[in-house]
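*Asks:* The file below is run27.cif, mmCIF, C-alpha atoms; chains and numbers go by the auth columns:
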```
data_protein
loop_
_atom_site.group_PDB
_atom_site.id
_atom_site.type_symbol
_atom_site.label_atom_id
_atom_site.label_comp_id
_atom_site.label_asym_id
_atom_site.label_seq_id
_atom_site.Cartn_x
_atom_site.Cartn_y
_atom_site.Cartn_z
_atom_site.B_iso_or_equiv
_atom_site.auth_seq_id
_atom_site.auth_asym_id
ATOM 1 C CA MET A 1 11.191 9.919 21.992 0.00 1 A
ATOM 2 C CA GLN A 2 10.286 11.161 18.521 0.00 2 A
ATOM 3 C CA ASN A 3 7.106 13.230 18.262 0.00 3 A
ATOM 4 C CA PHE A 4 5.016 11.811 15.410 0.00 4 A
ATOM 5 C CA THR A 5 2.107 14.229 15.895 0.00 5 A
ATOM 6 C CA LYS A 6 4.203 17.033 14.373 0.00 6 A
ATOM 7 C CA TYR A 7 3.697 15.769 10.814 0.00 7 A
ATOM 8 C CA ASN A 8 1.029 17.710 8.913 0.00 8 A
ATOM 9 C CA THR A 9 0.797 15.294 5.996 0.00 9 A
ATOM 10 C CA ILE A 10 0.446 11.519 6.281 0.00 10 A
ATOM 11 C CA PHE A 11 1.122 9.197 3.336 0.00 11 A
ATOM 12 C CA PHE A 12 -0.580 5.812 3.669 0.00 12 A
ATOM 13 C CA ASP A 13 0.010 2.573 1.816 0.00 13 A
ATOM 14 C CA LEU A 14 -3.216 0.655 1.120 0.00 14 A
ATOM 15 C CA ASP A 15 -2.805 -3.146 1.152 0.00 15 A
ATOM 16 C CA GLY A 16 -1.711 -4.363 4.579 0.00 16 A
ATOM 17 C CA THR A 17 -1.797 -0.862 6.066 0.00 17 A
ATOM 18 C CA LEU A 18 -5.366 0.405 5.700 0.00 18 A
ATOM 19 C CA SER A 19 -7.000 -2.705 4.298 0.00 19 A
ATOM 20 C CA ASP A 20 -6.765 -6.465 4.654 0.00 20 A
ATOM 21 C CA SER A 21 -6.865 -7.318 0.970 0.00 21 A
ATOM 22 C CA ALA A 22 -5.107 -10.686 1.141 0.00 22 A
ATOM 23 C CA LEU A 23 -8.088 -12.809 0.100 0.00 23 A
ATOM 24 C CA GLY A 24 -8.786 -10.860 -3.084 0.00 24 A
ATOM 25 C CA ILE A 25 -5.134 -10.475 -4.069 0.00 25 A
ATOM 26 C CA ILE A 26 -4.332 -14.159 -3.519 0.00 26 A
ATOM 27 C CA ARG A 27 -7.361 -15.305 -5.510 0.00 27 A
ATOM 28 C CA CYS A 28 -6.513 -12.911 -8.354 0.00 28 A
ATOM 29 C CA LEU A 29 -2.902 -14.104 -8.371 0.00 29 A
ATOM 30 C CA GLN A 30 -4.031 -17.731 -8.476 0.00 30 A
ATOM 31 C CA TYR A 31 -6.457 -16.928 -11.289 0.00 31 A
ATOM 32 C CA SER A 32 -3.750 -15.247 -13.359 0.00 32 A
ATOM 33 C CA LEU A 33 -1.201 -18.018 -12.709 0.00 33 A
ATOM 34 C CA GLU A 34 -3.662 -20.733 -13.700 0.00 34 A
ATOM 35 C CA LYS A 35 -3.850 -19.093 -17.142 0.00 35 A
ATOM 36 C CA PHE A 36 -0.180 -20.106 -17.479 0.00 36 A
ATOM 37 C CA ASN A 37 -0.824 -23.585 -16.051 0.00 37 A
ATOM 38 C CA ILE A 38 0.829 -22.624 -12.760 0.00 38 A
ATOM 39 C CA VAL A 39 -1.109 -23.922 -9.774 0.00 39 A
ATOM 40 C CA ASP A 40 -0.029 -22.321 -6.515 0.00 40 A
ATOM 41 C CA THR A 41 -2.351 -22.989 -3.598 0.00 41 A
ATOM 42 C CA GLU A 42 -0.002 -21.992 -0.777 0.00 42 A
ATOM 43 C CA GLY A 43 -1.879 -18.999 0.630 0.00 43 A
ATOM 44 C CA ASP A 44 0.806 -18.119 3.168 0.00 44 A
ATOM 45 C CA LYS A 45 3.466 -17.948 0.453 0.00 45 A
ATOM 46 C CA LEU A 46 1.283 -15.880 -1.878 0.00 46 A
ATOM 47 C CA ARG A 47 0.437 -13.560 1.002 0.00 47 A
ATOM 48 C CA HIS A 48 4.105 -12.588 1.158 0.00 48 A
ATOM 49 C CA TYR A 49 3.933 -11.319 -2.428 0.00 49 A
ATOM 50 C CA ILE A 50 1.430 -8.611 -1.498 0.00 50 A
ATOM 51 C CA GLY A 51 3.070 -5.213 -1.734 0.00 51 A
ATOM 52 C CA PRO A 52 5.638 -5.366 -4.548 0.00 52 A
ATOM 53 C CA SER A 53 4.494 -4.639 -8.098 0.00 53 A
ATOM 54 C CA LEU A 54 2.783 -7.438 -10.009 0.00 54 A
ATOM 55 C CA THR A 55 5.466 -7.283 -12.701 0.00 55 A
ATOM 56 C CA GLU A 56 8.132 -7.960 -10.080 0.00 56 A
ATOM 57 C CA THR A 57 6.181 -10.928 -8.713 0.00 57 A
ATOM 58 C CA TYR A 58 5.593 -12.504 -12.119 0.00 58 A
ATOM 59 C CA THR A 59 9.130 -12.029 -13.436 0.00 59 A
ATOM 60 C CA LYS A 60 11.231 -12.575 -10.309 0.00 60 A
ATOM 61 C CA ILE A 61 9.150 -15.208 -8.524 0.00 61 A
ATOM 62 C CA TYR A 62 7.592 -17.102 -11.426 0.00 62 A
ATOM 63 C CA GLY A 63 10.256 -16.497 -14.075 0.00 63 A
ATOM 64 C CA MET A 64 7.934 -14.972 -16.648 0.00 64 A
ATOM 65 C CA SER A 65 9.172 -12.864 -19.531 0.00 65 A
ATOM 66 C CA ASP A 66 8.179 -9.187 -19.644 0.00 66 A
ATOM 67 C CA GLU A 67 5.525 -9.998 -22.260 0.00 67 A
ATOM 68 C CA GLU A 68 4.090 -12.833 -20.154 0.00 68 A
ATOM 69 C CA ALA A 69 4.042 -10.565 -17.085 0.00 69 A
ATOM 70 C CA VAL A 70 1.964 -8.022 -19.022 0.00 70 A
ATOM 71 C CA GLN A 71 -0.522 -10.727 -19.999 0.00 71 A
ATOM 72 C CA ALA A 72 -0.627 -12.133 -16.457 0.00 72 A
ATOM 73 C CA THR A 73 -1.316 -8.648 -15.104 0.00 73 A
ATOM 74 C CA GLU A 74 -4.242 -8.311 -17.501 0.00 74 A
ATOM 75 C CA PHE A 75 -5.670 -11.616 -16.246 0.00 75 A
ATOM 76 C CA TYR A 76 -5.171 -10.466 -12.644 0.00 76 A
ATOM 77 C CA ARG A 77 -7.009 -7.199 -13.278 0.00 77 A
ATOM 78 C CA GLU A 78 -9.781 -9.004 -15.131 0.00 78 A
ATOM 79 C CA ARG A 79 -10.726 -10.889 -11.972 0.00 79 A
ATOM 80 C CA PHE A 80 -9.909 -8.028 -9.618 0.00 80 A
ATOM 81 C CA GLU A 81 -12.303 -5.635 -11.322 0.00 81 A
ATOM 82 C CA ARG A 82 -15.002 -8.307 -11.351 0.00 82 A
ATOM 83 C CA GLU A 83 -14.611 -9.766 -7.853 0.00 83 A
ATOM 84 C CA GLY A 84 -11.358 -8.882 -6.089 0.00 84 A
ATOM 85 C CA ILE A 85 -12.280 -5.309 -5.263 0.00 85 A
ATOM 86 C CA LYS A 86 -14.975 -6.600 -2.882 0.00 86 A
ATOM 87 C CA GLU A 87 -12.724 -9.252 -1.288 0.00 87 A
ATOM 88 C CA ASN A 88 -11.204 -6.552 0.854 0.00 88 A
ATOM 89 C CA VAL A 89 -11.938 -5.181 4.332 0.00 89 A
ATOM 90 C CA MET A 90 -10.611 -2.191 6.217 0.00 90 A
ATOM 91 C CA PHE A 91 -8.636 -3.058 9.351 0.00 91 A
ATOM 92 C CA GLU A 92 -10.547 -2.364 12.538 0.00 92 A
ATOM 93 C CA GLY A 93 -9.838 1.151 13.764 0.00 93 A
ATOM 94 C CA VAL A 94 -8.800 2.601 10.404 0.00 94 A
ATOM 95 C CA ASP A 95 -11.902 4.748 10.015 0.00 95 A
ATOM 96 C CA HIS A 96 -11.406 6.116 13.537 0.00 96 A
ATOM 97 C CA LEU A 97 -7.779 6.933 12.728 0.00 97 A
ATOM 98 C CA LEU A 98 -8.621 8.712 9.478 0.00 98 A
ATOM 99 C CA ALA A 99 -11.487 10.632 11.087 0.00 99 A
ATOM 100 C CA GLY A 100 -9.193 11.698 13.924 0.00 100 A
ATOM 101 C CA LEU A 101 -6.515 12.938 11.550 0.00 101 A
ATOM 102 C CA LYS A 102 -9.111 14.851 9.535 0.00 102 A
ATOM 103 C CA ALA A 103 -10.410 16.463 12.734 0.00 103 A
ATOM 104 C CA GLN A 104 -6.847 17.625 13.388 0.00 104 A
ATOM 105 C CA LYS A 105 -6.800 19.094 9.853 0.00 105 A
ATOM 106 C CA LYS A 106 -4.043 16.767 8.683 0.00 106 A
ATOM 107 C CA THR A 107 -3.547 16.188 4.961 0.00 107 A
ATOM 108 C CA MET A 108 -3.853 12.527 3.980 0.00 108 A
ATOM 109 C CA VAL A 109 -2.393 10.971 0.851 0.00 109 A
ATOM 110 C CA LEU A 110 -2.729 7.426 -0.467 0.00 110 A
ATOM 111 C CA ALA A 111 0.451 6.051 -2.061 0.00 111 A
ATOM 112 C CA THR A 112 0.000 2.512 -3.369 0.00 112 A
ATOM 113 C CA ALA A 113 1.552 0.236 -5.990 0.00 113 A
ATOM 114 C CA LYS A 114 -2.011 -0.636 -7.004 0.00 114 A
ATOM 115 C CA PRO A 115 -3.276 1.127 -10.132 0.00 115 A
ATOM 116 C CA THR A 116 -4.711 4.521 -9.195 0.00 116 A
ATOM 117 C CA GLU A 117 -7.998 3.612 -10.856 0.00 117 A
ATOM 118 C CA HIS A 118 -8.400 0.503 -8.675 0.00 118 A
ATOM 119 C CA ALA A 119 -7.334 2.300 -5.500 0.00 119 A
ATOM 120 C CA LYS A 120 -9.975 4.983 -6.058 0.00 120 A
ATOM 121 C CA LYS A 121 -12.667 2.344 -6.542 0.00 121 A
ATOM 122 C CA ILE A 122 -11.676 0.593 -3.301 0.00 122 A
ATOM 123 C CA LEU A 123 -11.701 3.810 -1.272 0.00 123 A
ATOM 124 C CA GLU A 124 -15.066 4.777 -2.780 0.00 124 A
ATOM 125 C CA TYR A 125 -16.503 1.313 -2.134 0.00 125 A
ATOM 126 C CA TYR A 126 -15.561 1.545 1.556 0.00 126 A
ATOM 127 C CA GLN A 127 -16.538 5.230 1.720 0.00 127 A
ATOM 128 C CA ILE A 128 -13.184 6.557 2.906 0.00 128 A
ATOM 129 C CA ASP A 129 -12.129 8.354 -0.276 0.00 129 A
ATOM 130 C CA HIS A 130 -13.203 11.734 1.145 0.00 130 A
ATOM 131 C CA TYR A 131 -10.348 11.636 3.661 0.00 131 A
ATOM 132 C CA PHE A 132 -7.652 11.807 0.981 0.00 132 A
ATOM 133 C CA THR A 133 -6.358 14.921 -0.761 0.00 133 A
ATOM 134 C CA VAL A 134 -4.317 12.841 -3.229 0.00 134 A
ATOM 135 C CA ILE A 135 -4.802 9.227 -4.346 0.00 135 A
ATOM 136 C CA ALA A 136 -1.654 8.081 -6.129 0.00 136 A
ATOM 137 C CA GLY A 137 -0.889 4.669 -7.551 0.00 137 A
ATOM 138 C CA SER A 138 0.667 2.976 -10.533 0.00 138 A
ATOM 139 C CA ASN A 139 -0.477 3.445 -14.114 0.00 139 A
ATOM 140 C CA LEU A 140 -2.454 0.786 -15.964 0.00 140 A
ATOM 141 C CA ASP A 141 0.229 0.707 -18.668 0.00 141 A
ATOM 142 C CA GLY A 142 2.714 -0.734 -16.150 0.00 142 A
ATOM 143 C CA THR A 143 4.611 2.471 -15.446 0.00 143 A
ATOM 144 C CA ARG A 144 5.137 4.069 -12.033 0.00 144 A
ATOM 145 C CA GLU A 145 4.935 0.693 -10.290 0.00 145 A
ATOM 146 C CA HIS A 146 7.731 1.152 -7.757 0.00 146 A
ATOM 147 C CA LYS A 147 6.838 2.753 -4.445 0.00 147 A
ATOM 148 C CA GLY A 148 9.538 5.404 -4.638 0.00 148 A
ATOM 149 C CA GLU A 149 8.102 6.597 -7.952 0.00 149 A
ATOM 150 C CA VAL A 150 4.555 6.593 -6.570 0.00 150 A
ATOM 151 C CA ILE A 151 5.620 8.669 -3.568 0.00 151 A
ATOM 152 C CA GLU A 152 7.555 11.072 -5.798 0.00 152 A
ATOM 153 C CA PHE A 153 4.460 11.550 -7.975 0.00 153 A
ATOM 154 C CA ALA A 154 2.206 12.041 -4.930 0.00 154 A
ATOM 155 C CA LEU A 155 4.558 14.702 -3.606 0.00 155 A
ATOM 156 C CA SER A 156 4.326 16.535 -6.919 0.00 156 A
ATOM 157 C CA GLN A 157 0.553 16.792 -6.458 0.00 157 A
ATOM 158 C CA LEU A 158 0.806 18.631 -3.139 0.00 158 A
ATOM 159 C CA GLU A 159 0.992 22.379 -2.627 0.00 159 A
ATOM 160 C CA ASN A 160 3.101 21.963 0.517 0.00 160 A
ATOM 161 C CA ARG A 161 5.936 19.574 -0.339 0.00 161 A
ATOM 162 C CA ASP A 162 8.172 20.263 2.654 0.00 162 A
ATOM 163 C CA VAL A 163 9.366 16.748 3.451 0.00 163 A
ATOM 164 C CA LYS A 164 10.078 17.709 7.079 0.00 164 A
ATOM 165 C CA ASN A 165 6.307 17.836 7.596 0.00 165 A
ATOM 166 C CA ILE A 166 5.464 14.545 5.849 0.00 166 A
ATOM 167 C CA ILE A 167 5.565 10.938 7.061 0.00 167 A
ATOM 168 C CA MET A 168 4.844 7.647 5.270 0.00 168 A
ATOM 169 C CA VAL A 169 3.058 4.659 6.807 0.00 169 A
ATOM 170 C CA GLY A 170 3.414 1.201 5.240 0.00 170 A
ATOM 171 C CA ASP A 171 3.764 -2.514 5.934 0.00 171 A
ATOM 172 C CA ARG A 172 6.503 -3.629 3.513 0.00 172 A
ATOM 173 C CA GLN A 173 10.159 -2.791 2.978 0.00 173 A
ATOM 174 C CA HIS A 174 9.179 -1.221 -0.370 0.00 174 A
ATOM 175 C CA ASP A 175 7.181 1.403 1.529 0.00 175 A
ATOM 176 C CA ILE A 176 10.047 2.159 3.864 0.00 176 A
ATOM 177 C CA LEU A 177 12.716 2.279 1.176 0.00 177 A
ATOM 178 C CA GLY A 178 10.461 4.314 -1.126 0.00 178 A
ATOM 179 C CA ALA A 179 9.894 6.845 1.639 0.00 179 A
ATOM 180 C CA LYS A 180 13.620 7.094 2.306 0.00 180 A
ATOM 181 C CA GLU A 181 14.303 7.648 -1.402 0.00 181 A
ATOM 182 C CA ASN A 182 12.137 10.741 -1.086 0.00 182 A
ATOM 183 C CA ASP A 183 13.609 11.863 2.267 0.00 183 A
ATOM 184 C CA LEU A 184 10.432 11.110 4.224 0.00 184 A
ATOM 185 C CA ALA A 185 10.161 9.839 7.771 0.00 185 A
ATOM 186 C CA VAL A 186 8.399 6.477 7.861 0.00 186 A
ATOM 187 C CA ILE A 187 6.461 4.194 10.198 0.00 187 A
ATOM 188 C CA GLY A 188 6.404 0.450 9.531 0.00 188 A
ATOM 189 C CA VAL A 189 3.263 -1.431 10.552 0.00 189 A
ATOM 190 C CA GLY A 190 3.743 -4.976 11.782 0.00 190 A
ATOM 191 C CA TYR A 191 0.109 -6.049 11.442 0.00 191 A
ATOM 192 C CA GLY A 192 0.293 -6.134 7.625 0.00 192 A
ATOM 193 C CA TYR A 193 2.014 -8.471 5.178 0.00 193 A
ATOM 194 C CA GLY A 194 5.671 -7.770 5.866 0.00 194 A
ATOM 195 C CA THR A 195 7.594 -9.739 8.480 0.00 195 A
ATOM 196 C CA LEU A 196 9.082 -8.042 11.523 0.00 196 A
ATOM 197 C CA GLU A 197 12.513 -9.069 10.230 0.00 197 A
ATOM 198 C CA GLU A 198 11.832 -7.386 6.882 0.00 198 A
ATOM 199 C CA LEU A 199 10.657 -4.182 8.532 0.00 199 A
ATOM 200 C CA THR A 200 13.528 -4.077 11.005 0.00 200 A
ATOM 201 C CA GLU A 201 16.068 -4.569 8.238 0.00 201 A
ATOM 202 C CA ALA A 202 14.592 -1.633 6.283 0.00 202 A
ATOM 203 C CA LYS A 203 15.037 0.600 9.372 0.00 203 A
ATOM 204 C CA PRO A 204 11.898 2.743 9.607 0.00 204 A
ATOM 205 C CA ASP A 205 11.729 5.483 12.229 0.00 205 A
ATOM 206 C CA LYS A 206 9.234 3.419 14.195 0.00 206 A
ATOM 207 C CA ILE A 207 7.463 0.045 14.030 0.00 207 A
ATOM 208 C CA VAL A 208 3.947 -0.407 15.418 0.00 208 A
ATOM 209 C CA THR A 209 2.051 -3.661 15.827 0.00 209 A
ATOM 210 C CA SER A 210 -1.584 -2.509 15.657 0.00 210 A
ATOM 211 C CA VAL A 211 -3.842 0.185 14.227 0.00 211 A
ATOM 212 C CA GLU A 212 -4.501 1.263 17.814 0.00 212 A
ATOM 213 C CA GLU A 213 -0.786 1.834 18.424 0.00 213 A
ATOM 214 C CA LEU A 214 -0.497 3.715 15.124 0.00 214 A
ATOM 215 C CA SER A 215 -3.438 5.907 16.102 0.00 215 A
ATOM 216 C CA LYS A 216 -1.897 6.794 19.447 0.00 216 A
ATOM 217 C CA LEU A 217 1.353 7.672 17.703 0.00 217 A
ATOM 218 C CA LEU A 218 -0.189 9.920 15.040 0.00 218 A
ATOM 219 C CA LEU A 219 -3.061 11.401 17.031 0.00 219 A
ATOM 220 C CA GLY A 220 -1.213 11.805 20.322 0.00 220 A
ATOM 221 C CA LYS A 221 -3.978 10.167 22.319 0.00 221 A
#
```
Mind converting the file's structure to structure tokens?
*Replies:*
Amino acid sequence: MQNFTKYNTIFFDLDGTLSDSALGIIRCLQYSLEKFNIVDTEGDKLRHYIGPSLTETYTKIYGMSDEEAVQATEFYRERFEREGIKENVMFEGVDHLLAGLKAQKKTMVLATAKPTEHAKKILEYYQIDHYFTVIAGSNLDGTREHKGEVIEFALSQLENRDVKNIIMVGDRQHDILGAKENDLAVIGVGYGYGTLEELTEAKPDKIVTSVEELSKLLLGK
């Protein structure tokens, strides 16, 4: 059985891994789509779009042009900065996990497709920002949206970049594939927004179904 306590640095995704942000994201998506006269009230369907970049969702799912996707993203962020940031709760047990890793002197990094600026505000709002050495996300200008690019950037911010000592934790195939692009081990979490089928297909090193199981794996308790 693989020993997951050996990793000195833990990369975490945010949405669906540390926080349950579905309510805020869905409402912001609906708000932005309504600006284009698209009414989509199917919460379960919209929930599945959490994780990939907004540009990908607007262009591939809703058939928008690149210019329309930029405008839709601006509408999304307009509501998110006003209300969405507070429509977000940390999964039960996350604070205990982060505190335990800090006590073991592990380095923690946030790697999210969310804009870095928004991710920092969320972590500050829920008072868990002090756990993270690096907070890496996408840029507000639409660049560095893909998870592989975010992880690559986060790695560049670390003094110790030995990938043998680093593991990624995320809930979508984008997290798993992005980690693999950067030669990182990866844990898929089944309590987030990705389906078990999606995670299995992406072939992470391990799949867990709860924060408690993830804690036991990383903390060795």
*Asks:* Taking the file as shown, what set of residues would the PyMOL selection byres ((chain A and resi 17) around 6) give back, as a VMD selection string?
*Replies:* chain A and resid 13 to 16 18 to 19 170 to 171 192
*Asks:* Grab the residues selected above and save them as a short mmCIF file (atom, residue, chain, number, x, y, z; two decimals), keeping the file's coordinate frame with C-alpha atoms.
*Replies:*
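See again_37.cif below for the written result:
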```cif
data_model
loop_
_atom_site.label_atom_id
_atom_site.label_comp_id
_atom_site.auth_asym_id
_atom_site.auth_seq_id
_atom_site.Cartn_x
_atom_site.Cartn_y
_atom_site.Cartn_z
CA ASP A 13 0.01 2.57 1.82
CA LEU A 14 -3.22 0.66 1.12
CA ASP A 15 -2.80 -3.15 1.15
CA GLY A 16 -1.71 -4.36 4.58
CA LEU A 18 -5.37 0.40 5.70
CA SER A 19 -7.00 -2.70 4.30
CA GLY A 170 3.41 1.20 5.24
CA ASP A 171 3.76 -2.51 5.93
CA GLY A 192 0.29 -6.13 7.62
#
```
*Asks:* I'd like the residues picked by the PyMOL selection byres ((chain A and resi 31) around 10) written out as number ranges by chain, using the chain letters and numbers from the file.
*Replies:* A: 25-30, 32-40, 72, 75-80
*Asks:* Using the selection just defined, write its residues with C-alpha atoms as a PDB file, keeping the file's coordinate frame.
*Replies:*
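Full text of again.pdb as output:
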```pdb
ATOM      1  CA  ILE A  25      -5.134 -10.475  -4.069  1.00  0.00           C
ATOM      2  CA  ILE A  26      -4.332 -14.159  -3.519  1.00  0.00           C
ATOM      3  CA  ARG A  27      -7.361 -15.305  -5.510  1.00  0.00           C
ATOM      4  CA  CYS A  28      -6.513 -12.911  -8.354  1.00  0.00           C
ATOM      5  CA  LEU A  29      -2.902 -14.104  -8.371  1.00  0.00           C
ATOM      6  CA  GLN A  30      -4.031 -17.731  -8.476  1.00  0.00           C
ATOM      7  CA  SER A  32      -3.750 -15.247 -13.359  1.00  0.00           C
ATOM      8  CA  LEU A  33      -1.201 -18.018 -12.709  1.00  0.00           C
ATOM      9  CA  GLU A  34      -3.662 -20.733 -13.700  1.00  0.00           C
ATOM     10  CA  LYS A  35      -3.850 -19.093 -17.142  1.00  0.00           C
ATOM     11  CA  PHE A  36      -0.180 -20.106 -17.479  1.00  0.00           C
ATOM     12  CA  ASN A  37      -0.824 -23.585 -16.051  1.00  0.00           C
ATOM     13  CA  ILE A  38       0.829 -22.624 -12.760  1.00  0.00           C
ATOM     14  CA  VAL A  39      -1.109 -23.922  -9.774  1.00  0.00           C
ATOM     15  CA  ASP A  40      -0.029 -22.321  -6.515  1.00  0.00           C
ATOM     16  CA  ALA A  72      -0.627 -12.133 -16.457  1.00  0.00           C
ATOM     17  CA  PHE A  75      -5.670 -11.616 -16.246  1.00  0.00           C
ATOM     18  CA  TYR A  76      -5.171 -10.466 -12.644  1.00  0.00           C
ATOM     19  CA  ARG A  77      -7.009  -7.199 -13.278  1.00  0.00           C
ATOM     20  CA  GLU A  78      -9.781  -9.004 -15.131  1.00  0.00           C
ATOM     21  CA  ARG A  79     -10.726 -10.889 -11.972  1.00  0.00           C
ATOM     22  CA  PHE A  80      -9.909  -8.028  -9.618  1.00  0.00           C
TER      23      PHE A  80
END
```
*Asks:* For this file, the PyMOL selection byres ((chain A and resi 143) around 12) selects which residues, as a PyMOL selection string?
*Replies:* chain A and resi 53-55+70+113-116+137-142+144-147+149-150+153
*Asks:* Store the residues of this selection in a file with C-alpha atoms, as a short mmCIF file (atom, residue, chain, number, x, y, z; two decimals), keeping the file's coordinate frame.
*Replies:*
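Ended up saving to out_10.cif:
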```cif
data_model
loop_
_atom_site.label_atom_id
_atom_site.label_comp_id
_atom_site.auth_asym_id
_atom_site.auth_seq_id
_atom_site.Cartn_x
_atom_site.Cartn_y
_atom_site.Cartn_z
CA SER A 53 4.49 -4.64 -8.10
CA LEU A 54 2.78 -7.44 -10.01
CA THR A 55 5.47 -7.28 -12.70
CA VAL A 70 1.96 -8.02 -19.02
CA ALA A 113 1.55 0.24 -5.99
CA LYS A 114 -2.01 -0.64 -7.00
CA PRO A 115 -3.28 1.13 -10.13
CA THR A 116 -4.71 4.52 -9.20
CA GLY A 137 -0.89 4.67 -7.55
CA SER A 138 0.67 2.98 -10.53
CA ASN A 139 -0.48 3.44 -14.11
CA LEU A 140 -2.45 0.79 -15.96
CA ASP A 141 0.23 0.71 -18.67
CA GLY A 142 2.71 -0.73 -16.15
CA ARG A 144 5.14 4.07 -12.03
CA GLU A 145 4.93 0.69 -10.29
CA HIS A 146 7.73 1.15 -7.76
CA LYS A 147 6.84 2.75 -4.44
CA GLU A 149 8.10 6.60 -7.95
CA VAL A 150 4.56 6.59 -6.57
CA PHE A 153 4.46 11.55 -7.98
#
```
*Asks:* Which of these, A:Ile61, A:Ala154, A:Leu217, A:Ile85, has the shortest distance to Ile122 in chain A once you count only C-alpha atoms?
*Replies:* A:Ile85
*Asks:* Using CA of Ser215 in chain A and CA of Leu97 in chain A as the two end points, give the distance in Å to one decimal.
*Replies:*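 Computed distance, CA of Ser215 in chain A to CA of Leu97 in chain A, equals 5.6 Å.
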*Asks:* Would you kindly return, as a list in words, each protein, DNA or RNA residue with an atom no farther than 6 Å from any atom of Ile207 in chain A, considering only C-alpha atoms and excluding same-chain residues fewer than 3 positions away?
*Replies:*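 After dropping sequence-adjacent residues, the list is Ile187, Gly188 and Val189 of chain A.
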*Asks:* Quick one: pull the distance between CA of Thr41 in chain A and CA of Gln71 in chain A, Å, one decimal.
*Replies:*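 That distance, rounded to one decimal, is 20.6 Å.
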*Asks:* What is the distance between CA of Lys102 in chain A and CA of Thr209 in chain A, in Å to one decimal?
*Replies:* 22.5 Å
*Asks:* With distances taken over only C-alpha atoms, which of A:Glu42, A:Asp175, A:Lys180, A:Leu219 is nearest to Leu199 in chain A?
*Replies:* A:Asp175
*Asks:* Using all atoms listed in the file, find the one residue out of A:Ile166, A:Ala202, A:Met64, A:Val211 that sits nearest to Gly190 in chain A.
*Replies:*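 Nearest to Gly190 in chain A: A:Val211.
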*Asks:* Tell me which of A:Thr112, A:Asp205, A:Thr107, A:Val94 sits closest to Leu158 in chain A, counting only C-alpha atoms.
*Replies:*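 Counting only C-alpha atoms, the residue closest to Leu158 in chain A is A:Thr107.
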*Asks:* Using all atoms listed in the file, find the one residue out of A:Gly63, A:Tyr7, A:Ile128, A:Ala22 that sits nearest to Tyr49 in chain A.
*Replies:*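 Closest to Tyr49 in chain A of all the choices is A:Ala22.
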*Asks:* Compare A:Ile151, A:Val208, A:Ile50, A:Val89 by their minimum atom-to-atom distance to Leu123 in chain A, counting all atoms listed in the file, and give me the closest one.
*Replies:*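 Of all the options, A:Val89 lies closest to Leu123 in chain A.
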*Asks:* Could you give me the centre and size, in Å to one decimal, of an axis-aligned box around all listed atoms of range 170-183 of chain A with 6 Å added on every side, as JSON?
*Replies:*
```
{"center_x": 8.9, "center_y": 4.1, "center_z": 2.3, "size_x": 22.9, "size_y": 27.5, "size_z": 19.3}
```
